[in-house]
file my_file_30.cif (mmCIF, N, CA and C atoms)
data_work
#
loop_
_atom_site.group_PDB
_atom_site.id
_atom_site.type_symbol
_atom_site.label_atom_id
_atom_site.label_comp_id
_atom_site.auth_asym_id
_atom_site.auth_seq_id
_atom_site.Cartn_x
_atom_site.Cartn_y
_atom_site.Cartn_z
ATOM 1 N N MET A 1 0.841 -1.181 0.000
ATOM 2 C CA MET A 1 0.000 0.000 0.000
ATOM 3 C C MET A 1 0.888 1.247 0.000
ATOM 4 N N ILE A 2 0.460 2.251 -0.735
ATOM 5 C CA ILE A 2 1.244 3.480 -0.847
ATOM 6 C C ILE A 2 0.937 4.386 0.354
ATOM 7 N N ASN A 3 1.974 4.958 0.931
ATOM 8 C CA ASN A 3 1.762 5.843 2.083
ATOM 9 C C ASN A 3 2.076 7.294 1.690
ATOM 10 N N ASN A 4 1.877 8.193 2.626
ATOM 11 C CA ASN A 4 2.085 9.623 2.363
ATOM 12 C C ASN A 4 3.525 9.942 1.966
ATOM 13 N N ASN A 5 4.489 9.220 2.541
ATOM 14 C CA ASN A 5 5.891 9.452 2.184
ATOM 15 C C ASN A 5 6.132 9.127 0.711
ATOM 16 N N ASP A 6 5.535 8.030 0.252
ATOM 17 C CA ASP A 6 5.683 7.649 -1.154
ATOM 18 C C ASP A 6 5.053 8.693 -2.069
ATOM 19 N N ILE A 7 3.907 9.217 -1.670
ATOM 20 C CA ILE A 7 3.236 10.255 -2.474
ATOM 21 C C ILE A 7 4.115 11.496 -2.562
ATOM 22 N N MET A 8 4.676 11.900 -1.420
ATOM 23 C CA MET A 8 5.558 13.073 -1.415
ATOM 24 C C MET A 8 6.772 12.845 -2.313
ATOM 25 N N LYS A 9 7.369 11.647 -2.238
ATOM 26 C CA LYS A 9 8.533 11.344 -3.067
ATOM 27 C C LYS A 9 8.185 11.394 -4.547
ATOM 28 N N LYS A 10 7.048 10.816 -4.904
ATOM 29 C CA LYS A 10 6.642 10.785 -6.309
ATOM 30 C C LYS A 10 6.331 12.192 -6.835
ATOM 31 N N LEU A 11 5.684 13.007 -6.013
ATOM 32 C CA LEU A 11 5.402 14.389 -6.421
ATOM 33 C C LEU A 11 6.686 15.195 -6.559
ATOM 34 N N ARG A 12 7.616 14.948 -5.665
ATOM 35 C CA ARG A 12 8.899 15.657 -5.714
ATOM 36 C C ARG A 12 9.629 15.366 -7.025
ATOM 37 N N VAL A 13 9.629 14.097 -7.436
ATOM 38 C CA VAL A 13 10.306 13.705 -8.672
ATOM 39 C C VAL A 13 9.525 14.209 -9.887
ATOM 40 N N ALA A 14 8.198 14.018 -9.880
ATOM 41 C CA ALA A 14 7.375 14.390 -11.036
ATOM 42 C C ALA A 14 7.413 15.893 -11.303
ATOM 43 N N LEU A 15 7.440 16.685 -10.233
ATOM 44 C CA LEU A 15 7.426 18.147 -10.382
ATOM 45 C C LEU A 15 8.829 18.750 -10.367
ATOM 46 N N LYS A 16 9.837 17.901 -10.230
ATOM 47 C CA LYS A 16 11.240 18.332 -10.205
ATOM 48 C C LYS A 16 11.484 19.405 -9.143
ATOM 49 N N LEU A 17 11.073 19.093 -7.926
ATOM 50 C CA LEU A 17 11.178 20.052 -6.816
ATOM 51 C C LEU A 17 12.407 19.765 -5.969
ATOM 52 N N ARG A 18 13.012 20.818 -5.476
ATOM 53 C CA ARG A 18 14.121 20.708 -4.524
ATOM 54 C C ARG A 18 13.552 20.923 -3.125
ATOM 55 N N ASP A 19 14.377 20.671 -2.129
ATOM 56 C CA ASP A 19 13.929 20.850 -0.748
ATOM 57 C C ASP A 19 13.472 22.287 -0.492
ATOM 58 N N THR A 20 14.213 23.251 -1.032
ATOM 59 C CA THR A 20 13.841 24.653 -0.816
ATOM 60 C C THR A 20 12.500 24.972 -1.476
ATOM 61 N N ASP A 21 12.227 24.352 -2.630
ATOM 62 C CA ASP A 21 10.936 24.564 -3.285
ATOM 63 C C ASP A 21 9.802 24.020 -2.424
ATOM 64 N N ILE A 22 10.008 22.845 -1.856
ATOM 65 C CA ILE A 22 8.970 22.229 -1.026
ATOM 66 C C ILE A 22 8.733 23.048 0.229
ATOM 67 N N ILE A 23 9.800 23.561 0.826
ATOM 68 C CA ILE A 23 9.644 24.408 2.022
ATOM 69 C C ILE A 23 8.870 25.678 1.669
ATOM 70 N N ASP A 24 9.168 26.267 0.511
ATOM 71 C CA ASP A 24 8.443 27.465 0.077
ATOM 72 C C ASP A 24 6.971 27.160 -0.189
ATOM 73 N N ILE A 25 6.694 25.997 -0.764
ATOM 74 C CA ILE A 25 5.303 25.603 -1.030
ATOM 75 C C ILE A 25 4.555 25.406 0.279
ATOM 76 N N LEU A 26 5.203 24.800 1.255
ATOM 77 C CA LEU A 26 4.566 24.612 2.561
ATOM 78 C C LEU A 26 4.329 25.953 3.256
ATOM 79 N N LYS A 27 5.218 26.913 3.052
ATOM 80 C CA LYS A 27 5.025 28.245 3.637
ATOM 81 C C LYS A 27 3.805 28.938 3.042
ATOM 82 N N LEU A 28 3.553 28.689 1.757
ATOM 83 C CA LEU A 28 2.362 29.274 1.129
ATOM 84 C C LEU A 28 1.086 28.795 1.805
ATOM 85 N N ALA A 29 1.132 27.559 2.310
ATOM 86 C CA ALA A 29 -0.026 26.994 3.000
ATOM 87 C C ALA A 29 0.058 27.224 4.504
ATOM 88 N N GLU A 30 0.939 28.148 4.912
ATOM 89 C CA GLU A 30 1.111 28.534 6.310
ATOM 90 C C GLU A 30 1.522 27.354 7.188
ATOM 91 N N PHE A 31 2.502 26.596 6.704
ATOM 92 C CA PHE A 31 3.045 25.471 7.458
ATOM 93 C C PHE A 31 4.563 25.601 7.456
ATOM 94 N N GLU A 32 5.143 25.702 8.632
ATOM 95 C CA GLU A 32 6.590 25.858 8.771
ATOM 96 C C GLU A 32 7.246 24.499 9.012
ATOM 97 N N THR A 33 8.327 24.242 8.317
ATOM 98 C CA THR A 33 9.109 23.031 8.527
ATOM 99 C C THR A 33 10.580 23.350 8.285
ATOM 100 N N THR A 34 11.435 22.510 8.806
ATOM 101 C CA THR A 34 12.875 22.714 8.635
ATOM 102 C C THR A 34 13.402 21.750 7.567
ATOM 103 N N PRO A 35 14.553 22.071 6.990
ATOM 104 C CA PRO A 35 15.134 21.153 5.996
ATOM 105 C C PRO A 35 15.426 19.769 6.575
ATOM 106 N N SER A 36 15.799 19.693 7.855
ATOM 107 C CA SER A 36 16.096 18.383 8.448
ATOM 108 C C SER A 36 14.821 17.543 8.602
ATOM 109 N N GLU A 37 13.706 18.188 8.971
ATOM 110 C CA GLU A 37 12.440 17.452 9.052
ATOM 111 C C GLU A 37 12.014 16.968 7.676
ATOM 112 N N LEU A 38 12.228 17.806 6.672
ATOM 113 C CA LEU A 38 11.857 17.442 5.307
ATOM 114 C C LEU A 38 12.711 16.289 4.792
ATOM 115 N N SER A 39 14.001 16.311 5.078
ATOM 116 C CA SER A 39 14.863 15.211 4.613
ATOM 117 C C SER A 39 14.510 13.908 5.324
ATOM 118 N N ALA A 40 14.011 13.984 6.561
ATOM 119 C CA ALA A 40 13.602 12.774 7.278
ATOM 120 C C ALA A 40 12.399 12.119 6.598
ATOM 121 N N ILE A 41 11.549 12.928 5.977
ATOM 122 C CA ILE A 41 10.387 12.383 5.268
ATOM 123 C C ILE A 41 10.824 11.603 4.032
ATOM 124 N N PHE A 42 11.885 12.056 3.378
ATOM 125 C CA PHE A 42 12.319 11.426 2.137
ATOM 126 C C PHE A 42 13.312 10.276 2.343
ATOM 127 N N ARG A 43 13.611 9.936 3.580
ATOM 128 C CA ARG A 43 14.524 8.815 3.853
ATOM 129 C C ARG A 43 13.786 7.482 3.718
ATOM 130 N N LYS A 44 14.566 6.405 3.642
ATOM 131 C CA LYS A 44 13.972 5.066 3.582
ATOM 132 C C LYS A 44 13.421 4.700 4.956
ATOM 133 N N GLU A 45 12.458 3.807 4.976
ATOM 134 C CA GLU A 45 11.791 3.456 6.237
ATOM 135 C C GLU A 45 12.733 2.819 7.257
ATOM 136 N N ASP A 46 13.756 2.145 6.802
ATOM 137 C CA ASP A 46 14.659 1.480 7.741
ATOM 138 C C ASP A 46 15.763 2.396 8.271
ATOM 139 N N HIS A 47 15.824 3.632 7.808
ATOM 140 C CA HIS A 47 16.827 4.591 8.282
ATOM 141 C C HIS A 47 16.447 5.049 9.694
ATOM 142 N N PRO A 48 17.455 5.252 10.576
ATOM 143 C CA PRO A 48 17.134 5.651 11.958
ATOM 144 C C PRO A 48 16.477 7.036 12.078
ATOM 145 N N HIS A 49 16.703 7.919 11.106
ATOM 146 C CA HIS A 49 16.118 9.262 11.185
ATOM 147 C C HIS A 49 14.866 9.415 10.310
ATOM 148 N N TYR A 50 14.300 8.284 9.904
ATOM 149 C CA TYR A 50 13.082 8.305 9.085
ATOM 150 C C TYR A 50 11.919 8.893 9.885
ATOM 151 N N MET A 51 11.104 9.705 9.228
ATOM 152 C CA MET A 51 9.919 10.258 9.877
ATOM 153 C C MET A 51 8.732 10.039 8.936
ATOM 154 N N ALA A 52 7.649 9.533 9.479
ATOM 155 C CA ALA A 52 6.450 9.319 8.673
ATOM 156 C C ALA A 52 5.822 10.668 8.328
ATOM 157 N N CYS A 53 5.387 10.787 7.106
ATOM 158 C CA CYS A 53 4.730 12.012 6.661
ATOM 159 C C CYS A 53 3.271 11.941 7.085
ATOM 160 N N GLY A 54 2.871 12.842 7.938
ATOM 161 C CA GLY A 54 1.494 12.841 8.424
ATOM 162 C C GLY A 54 0.519 13.399 7.388
ATOM 163 N N ASP A 55 -0.751 13.181 7.654
ATOM 164 C CA ASP A 55 -1.788 13.673 6.748
ATOM 165 C C ASP A 55 -1.756 15.195 6.634
ATOM 166 N N GLN A 56 -1.472 15.872 7.757
ATOM 167 C CA GLN A 56 -1.469 17.332 7.744
ATOM 168 C C GLN A 56 -0.368 17.882 6.835
ATOM 169 N N ILE A 57 0.808 17.278 6.854
ATOM 170 C CA ILE A 57 1.905 17.757 6.004
ATOM 171 C C ILE A 57 1.551 17.585 4.538
ATOM 172 N N LEU A 58 1.031 16.402 4.188
ATOM 173 C CA LEU A 58 0.657 16.158 2.799
ATOM 174 C C LEU A 58 -0.467 17.093 2.360
ATOM 175 N N ARG A 59 -1.464 17.277 3.223
ATOM 176 C CA ARG A 59 -2.588 18.167 2.894
ATOM 177 C C ARG A 59 -2.100 19.600 2.692
ATOM 178 N N ARG A 60 -1.231 20.071 3.571
ATOM 179 C CA ARG A 60 -0.706 21.432 3.444
ATOM 180 C C ARG A 60 0.166 21.575 2.206
ATOM 181 N N PHE A 61 0.918 20.522 1.864
ATOM 182 C CA PHE A 61 1.746 20.558 0.666
ATOM 183 C C PHE A 61 0.859 20.679 -0.577
ATOM 184 N N LEU A 62 -0.202 19.894 -0.627
ATOM 185 C CA LEU A 62 -1.112 19.956 -1.775
ATOM 186 C C LEU A 62 -1.825 21.312 -1.839
ATOM 187 N N ASP A 63 -2.202 21.852 -0.679
ATOM 188 C CA ASP A 63 -2.807 23.188 -0.647
ATOM 189 C C ASP A 63 -1.823 24.239 -1.158
ATOM 190 N N GLY A 64 -0.557 24.108 -0.746
ATOM 191 C CA GLY A 64 0.471 25.036 -1.198
ATOM 192 C C GLY A 64 0.705 24.953 -2.700
ATOM 193 N N LEU A 65 0.641 23.739 -3.253
ATOM 194 C CA LEU A 65 0.776 23.580 -4.707
ATOM 195 C C LEU A 65 -0.351 24.294 -5.441
ATOM 196 N N ILE A 66 -1.547 24.173 -4.903
ATOM 197 C CA ILE A 66 -2.699 24.848 -5.516
ATOM 198 C C ILE A 66 -2.493 26.353 -5.484
ATOM 199 N N ILE A 67 -2.052 26.875 -4.351
ATOM 200 C CA ILE A 67 -1.836 28.321 -4.227
ATOM 201 C C ILE A 67 -0.729 28.769 -5.178
ATOM 202 N N ARG A 68 0.331 27.969 -5.289
ATOM 203 C CA ARG A 68 1.438 28.331 -6.174
ATOM 204 C C ARG A 68 1.013 28.345 -7.641
ATOM 205 N N ASN A 69 0.183 27.392 -8.029
ATOM 206 C CA ASN A 69 -0.192 27.280 -9.435
ATOM 207 C C ASN A 69 -1.399 28.134 -9.814
ATOM 208 N N ARG A 70 -2.377 28.263 -8.922
ATOM 209 C CA ARG A 70 -3.599 29.013 -9.244
ATOM 210 C C ARG A 70 -3.670 30.383 -8.589
ATOM 211 N N GLY A 71 -2.965 30.548 -7.499
ATOM 212 C CA GLY A 71 -3.070 31.776 -6.726
ATOM 213 C C GLY A 71 -4.002 31.561 -5.544
ATOM 214 N N LYS A 72 -3.982 32.521 -4.630
ATOM 215 C CA LYS A 72 -4.843 32.407 -3.447
ATOM 216 C C LYS A 72 -6.287 32.490 -3.855
ATOM 217 N N ARG A 73 -7.123 31.769 -3.121
ATOM 218 C CA ARG A 73 -8.552 31.769 -3.392
ATOM 219 C C ARG A 73 -9.151 33.077 -2.909
ATOM 220 N N GLU A 74 -9.907 33.672 -3.789
ATOM 221 C CA GLU A 74 -10.605 34.890 -3.395
ATOM 222 C C GLU A 74 -11.872 34.489 -2.665
ATOM 223 N N LYS A 75 -12.336 35.384 -1.818
ATOM 224 C CA LYS A 75 -13.590 35.111 -1.131
ATOM 225 C C LYS A 75 -14.700 35.098 -2.174
ATOM 226 N N PRO A 76 -15.610 34.139 -2.073
ATOM 227 C CA PRO A 76 -16.684 34.113 -3.055
ATOM 228 C C PRO A 76 -17.561 35.359 -2.923
ATOM 229 N N PRO A 77 -18.033 35.887 -4.039
ATOM 230 C CA PRO A 77 -18.858 37.087 -3.960
ATOM 231 C C PRO A 77 -20.170 36.796 -3.240
ATOM 232 N N MET A 78 -20.681 37.835 -2.622
ATOM 233 C CA MET A 78 -21.956 37.696 -1.931
ATOM 234 C C MET A 78 -23.039 37.393 -2.950
ATOM 235 N N LYS A 79 -23.918 36.479 -2.579
ATOM 236 C CA LYS A 79 -25.006 36.143 -3.479
ATOM 237 C C LYS A 79 -26.017 37.290 -3.477
ATOM 238 N N VAL A 80 -26.383 37.696 -4.655
ATOM 239 C CA VAL A 80 -27.356 38.774 -4.788
ATOM 240 C C VAL A 80 -28.744 38.153 -4.758
ATOM 241 N N GLN A 81 -29.569 38.682 -3.893
ATOM 242 C CA GLN A 81 -30.938 38.185 -3.822
ATOM 243 C C GLN A 81 -31.688 38.612 -5.075
ATOM 244 N N PRO A 82 -32.431 37.701 -5.675
ATOM 245 C CA PRO A 82 -33.163 38.074 -6.892
ATOM 246 C C PRO A 82 -34.266 39.065 -6.570
ATOM 247 N N LYS A 83 -34.465 39.967 -7.479
ATOM 248 C CA LYS A 83 -35.549 40.926 -7.318
ATOM 249 C C LYS A 83 -36.797 40.272 -7.893
ATOM 250 N N TRP A 84 -37.756 40.115 -7.065
ATOM 251 C CA TRP A 84 -38.980 39.465 -7.509
ATOM 252 C C TRP A 84 -39.801 40.455 -8.308
ATOM 253 N N ILE A 85 -40.297 40.000 -9.399
ATOM 254 C CA ILE A 85 -41.125 40.832 -10.261
ATOM 255 C C ILE A 85 -42.545 40.767 -9.738
ATOM 256 N N LYS A 86 -43.104 41.927 -9.487
ATOM 257 C CA LYS A 86 -44.472 41.977 -8.997
ATOM 258 C C LYS A 86 -45.413 41.919 -10.192
ATOM 259 N N CYS A 87 -46.258 40.937 -10.154
ATOM 260 C CA CYS A 87 -47.211 40.750 -11.246
ATOM 261 C C CYS A 87 -48.619 41.005 -10.741
ATOM 262 N N LYS A 88 -49.481 41.359 -11.655
ATOM 263 C CA LYS A 88 -50.894 41.466 -11.306
ATOM 264 C C LYS A 88 -51.408 40.055 -11.108
ATOM 265 N N PRO A 89 -52.335 39.865 -10.167
ATOM 266 C CA PRO A 89 -52.871 38.529 -9.969
ATOM 267 C C PRO A 89 -53.638 38.068 -11.215
ATOM 268 N N LEU A 90 -53.557 36.813 -11.464
ATOM 269 C CA LEU A 90 -54.210 36.236 -12.625
ATOM 270 C C LEU A 90 -55.683 36.000 -12.299
ATOM 271 N N LEU A 91 -56.565 36.585 -13.096
ATOM 272 C CA LEU A 91 -57.999 36.400 -12.907
ATOM 273 C C LEU A 91 -58.510 35.438 -13.966
ATOM 274 N N ILE A 92 -59.184 34.424 -13.504
ATOM 275 C CA ILE A 92 -59.773 33.462 -14.429
ATOM 276 C C ILE A 92 -61.272 33.722 -14.460
ATOM 277 N N ARG A 93 -61.774 33.939 -15.626
ATOM 278 C CA ARG A 93 -63.204 34.211 -15.766
ATOM 279 C C ARG A 93 -63.936 32.902 -16.027
ATOM 280 N N HIS A 94 -65.024 32.759 -15.317
ATOM 281 C CA HIS A 94 -65.852 31.577 -15.483
ATOM 282 C C HIS A 94 -66.854 31.858 -16.591
ATOM 283 N N PRO A 95 -67.028 30.951 -17.546
ATOM 284 C CA PRO A 95 -67.905 31.236 -18.678
ATOM 285 C C PRO A 95 -69.377 31.370 -18.292
ATOM 286 N N GLU A 96 -69.827 30.756 -17.204
ATOM 287 C CA GLU A 96 -71.232 30.829 -16.812
ATOM 288 C C GLU A 96 -71.564 32.132 -16.103
ATOM 289 N N ARG A 97 -70.635 32.780 -15.578
ATOM 290 C CA ARG A 97 -70.876 34.011 -14.816
ATOM 291 C C ARG A 97 -70.691 35.209 -15.721
ATOM 292 N N SER A 98 -71.462 36.193 -15.453
ATOM 293 C CA SER A 98 -71.287 37.429 -16.208
ATOM 294 C C SER A 98 -70.227 38.268 -15.548
ATOM 295 N N GLU A 99 -69.769 39.231 -16.267
ATOM 296 C CA GLU A 99 -68.695 40.079 -15.746
ATOM 297 C C GLU A 99 -69.134 40.861 -14.519
ATOM 298 N N GLY A 100 -70.356 41.323 -14.498
ATOM 299 C CA GLY A 100 -70.824 42.163 -13.406
ATOM 300 C C GLY A 100 -71.171 41.390 -12.164
ATOM 301 N N SER A 101 -71.513 40.135 -12.270
ATOM 302 C CA SER A 101 -71.937 39.400 -11.074
ATOM 303 C C SER A 101 -70.801 38.556 -10.544
ATOM 304 N N LEU A 102 -70.451 38.819 -9.338
ATOM 305 C CA LEU A 102 -69.393 38.040 -8.696
ATOM 306 C C LEU A 102 -69.987 37.262 -7.535
ATOM 307 N N LYS A 103 -71.255 36.954 -7.645
ATOM 308 C CA LYS A 103 -71.917 36.205 -6.582
ATOM 309 C C LYS A 103 -71.397 34.776 -6.576
ATOM 310 N N GLU A 104 -71.432 34.220 -5.411
ATOM 311 C CA GLU A 104 -71.053 32.825 -5.314
ATOM 312 C C GLU A 104 -72.217 31.960 -5.754
ATOM 313 N N ARG A 105 -71.926 30.833 -6.209
ATOM 314 C CA ARG A 105 -72.945 29.888 -6.624
ATOM 315 C C ARG A 105 -73.661 29.326 -5.405
ATOM 316 N N PRO A 106 -74.922 28.980 -5.588
ATOM 317 C CA PRO A 106 -75.627 28.326 -4.467
ATOM 318 C C PRO A 106 -75.161 26.922 -4.263
#
call {"tool": "encode", "arguments": {"input": "my_file_30.cif", "output": "structure tokens"}}
result
Amino acid sequence: MINNNDIMKKLRVALKLRDTDIIDILKLAEFETTPSELSAIFRKEDHPHYMACGDQILRRFLDGLIIRNRGKREKPPMKVQPKWIKCKPLLIRHPERSEGSLKERP
């Protein structure tokens, strides 16, 4: 099964990122990390200084990539309430009744 460390490694290679690039991307997502912590993520699992990449680090890295490529998200505009069109009420004329008599039927 693929873990977060493997995902980070694959993204690093696919996007041709250096450690400084990854640190800058994490800063865009308001996440601070040191180069030593970052290198621990990219080590092999059997290395004594290996550190598992948590969900928060991966999530912040992906958020930072989005900000780097698309820019910061703007606040969505306020929804404008539709202006309701006031219509005259619809009058249905009954064929048996005359126009002048509005009496109810017995």
call {"tool": "residues_near_point", "arguments": {"input": "my_file_30.cif", "point": "(10.4, 4.4, 7.1)", "cutoff": "6.5 Å", "atoms": "only N, CA and C atoms", "output": "ChimeraX atom specification"}}
result
/A:43-47,50-52
call {"tool": "atom_distance", "arguments": {"input": "my_file_30.cif", "atom1": "atom CA of A:Asp6", "atom2": "atom C of A:Phe31"}}
result
19.9 Å
call {"tool": "axis_aligned_box", "arguments": {"input": "my_file_30.cif", "around": "stretch 27-33 of chain A", "padding_each_side": "3 Å", "output": "JSON"}}
result
{"center_x": 5.3, "center_y": 26.2, "center_z": 5.1, "size_x": 16.6, "size_y": 12.2, "size_z": 13.9}
call {"tool": "atom_distance", "arguments": {"input": "my_file_30.cif", "atom1": "atom C of A:Ile41", "atom2": "atom N of A:Lys9"}}
result
7.2 Å
call {"tool": "closest_residue", "arguments": {"input": "my_file_30.cif", "among": "A:Glu74, A:Asn69, A:Asp24, A:Ser36", "to": "A:His49", "atoms": "only C-alpha atoms"}}
result
A:Ser36
call {"tool": "residues_around", "arguments": {"input": "my_file_30.cif", "residues": "A:Cys53", "least_positions_apart": "2", "cutoff": "6.5 Å", "atoms": "all atoms listed in the file", "output": "number ranges by chain"}}
result
A: 4-5, 41, 51, 55-58
call {"tool": "write_last_selection", "arguments": {"input": "my_file_30.cif", "atoms": "N, CA and C atoms", "output": "compact mmCIF listing (two decimals), in the frame of the given file"}}
result
# COMPACT_ATOMS: atom_id res chain seq x y z
N ASN A 4 1.88 8.19 2.63
CA ASN A 4 2.08 9.62 2.36
C ASN A 4 3.52 9.94 1.97
N ASN A 5 4.49 9.22 2.54
CA ASN A 5 5.89 9.45 2.18
C ASN A 5 6.13 9.13 0.71
N ILE A 41 11.55 12.93 5.98
CA ILE A 41 10.39 12.38 5.27
C ILE A 41 10.82 11.60 4.03
N MET A 51 11.10 9.70 9.23
CA MET A 51 9.92 10.26 9.88
C MET A 51 8.73 10.04 8.94
N ASP A 55 -0.75 13.18 7.65
CA ASP A 55 -1.79 13.67 6.75
C ASP A 55 -1.76 15.20 6.63
N GLN A 56 -1.47 15.87 7.76
CA GLN A 56 -1.47 17.33 7.74
C GLN A 56 -0.37 17.88 6.84
N ILE A 57 0.81 17.28 6.85
CA ILE A 57 1.90 17.76 6.00
C ILE A 57 1.55 17.58 4.54
N LEU A 58 1.03 16.40 4.19
CA LEU A 58 0.66 16.16 2.80
C LEU A 58 -0.47 17.09 2.36
call {"tool": "atom_distance", "arguments": {"input": "my_file_30.cif", "atom1": "atom CA of A:Glu37", "atom2": "atom C of A:Arg70"}}
result
27.2 Å
call {"tool": "resolve_selection", "arguments": {"input": "my_file_30.cif", "expression": "the PyMOL selection byres ((chain A and resi 28) around 8)", "output": "PyMOL selection string"}}
result
chain A and resi 22-27+29-32+60+63-65+67-68
call {"tool": "select_by_dssp", "arguments": {"input": "my_file_30.cif", "residues": "stretch 13-89 of chain A", "states": "helix (DSSP H, G or I)", "output": "MDAnalysis selection string"}}
result
chainID A and resid 13:14 19:28 35:41 55:70
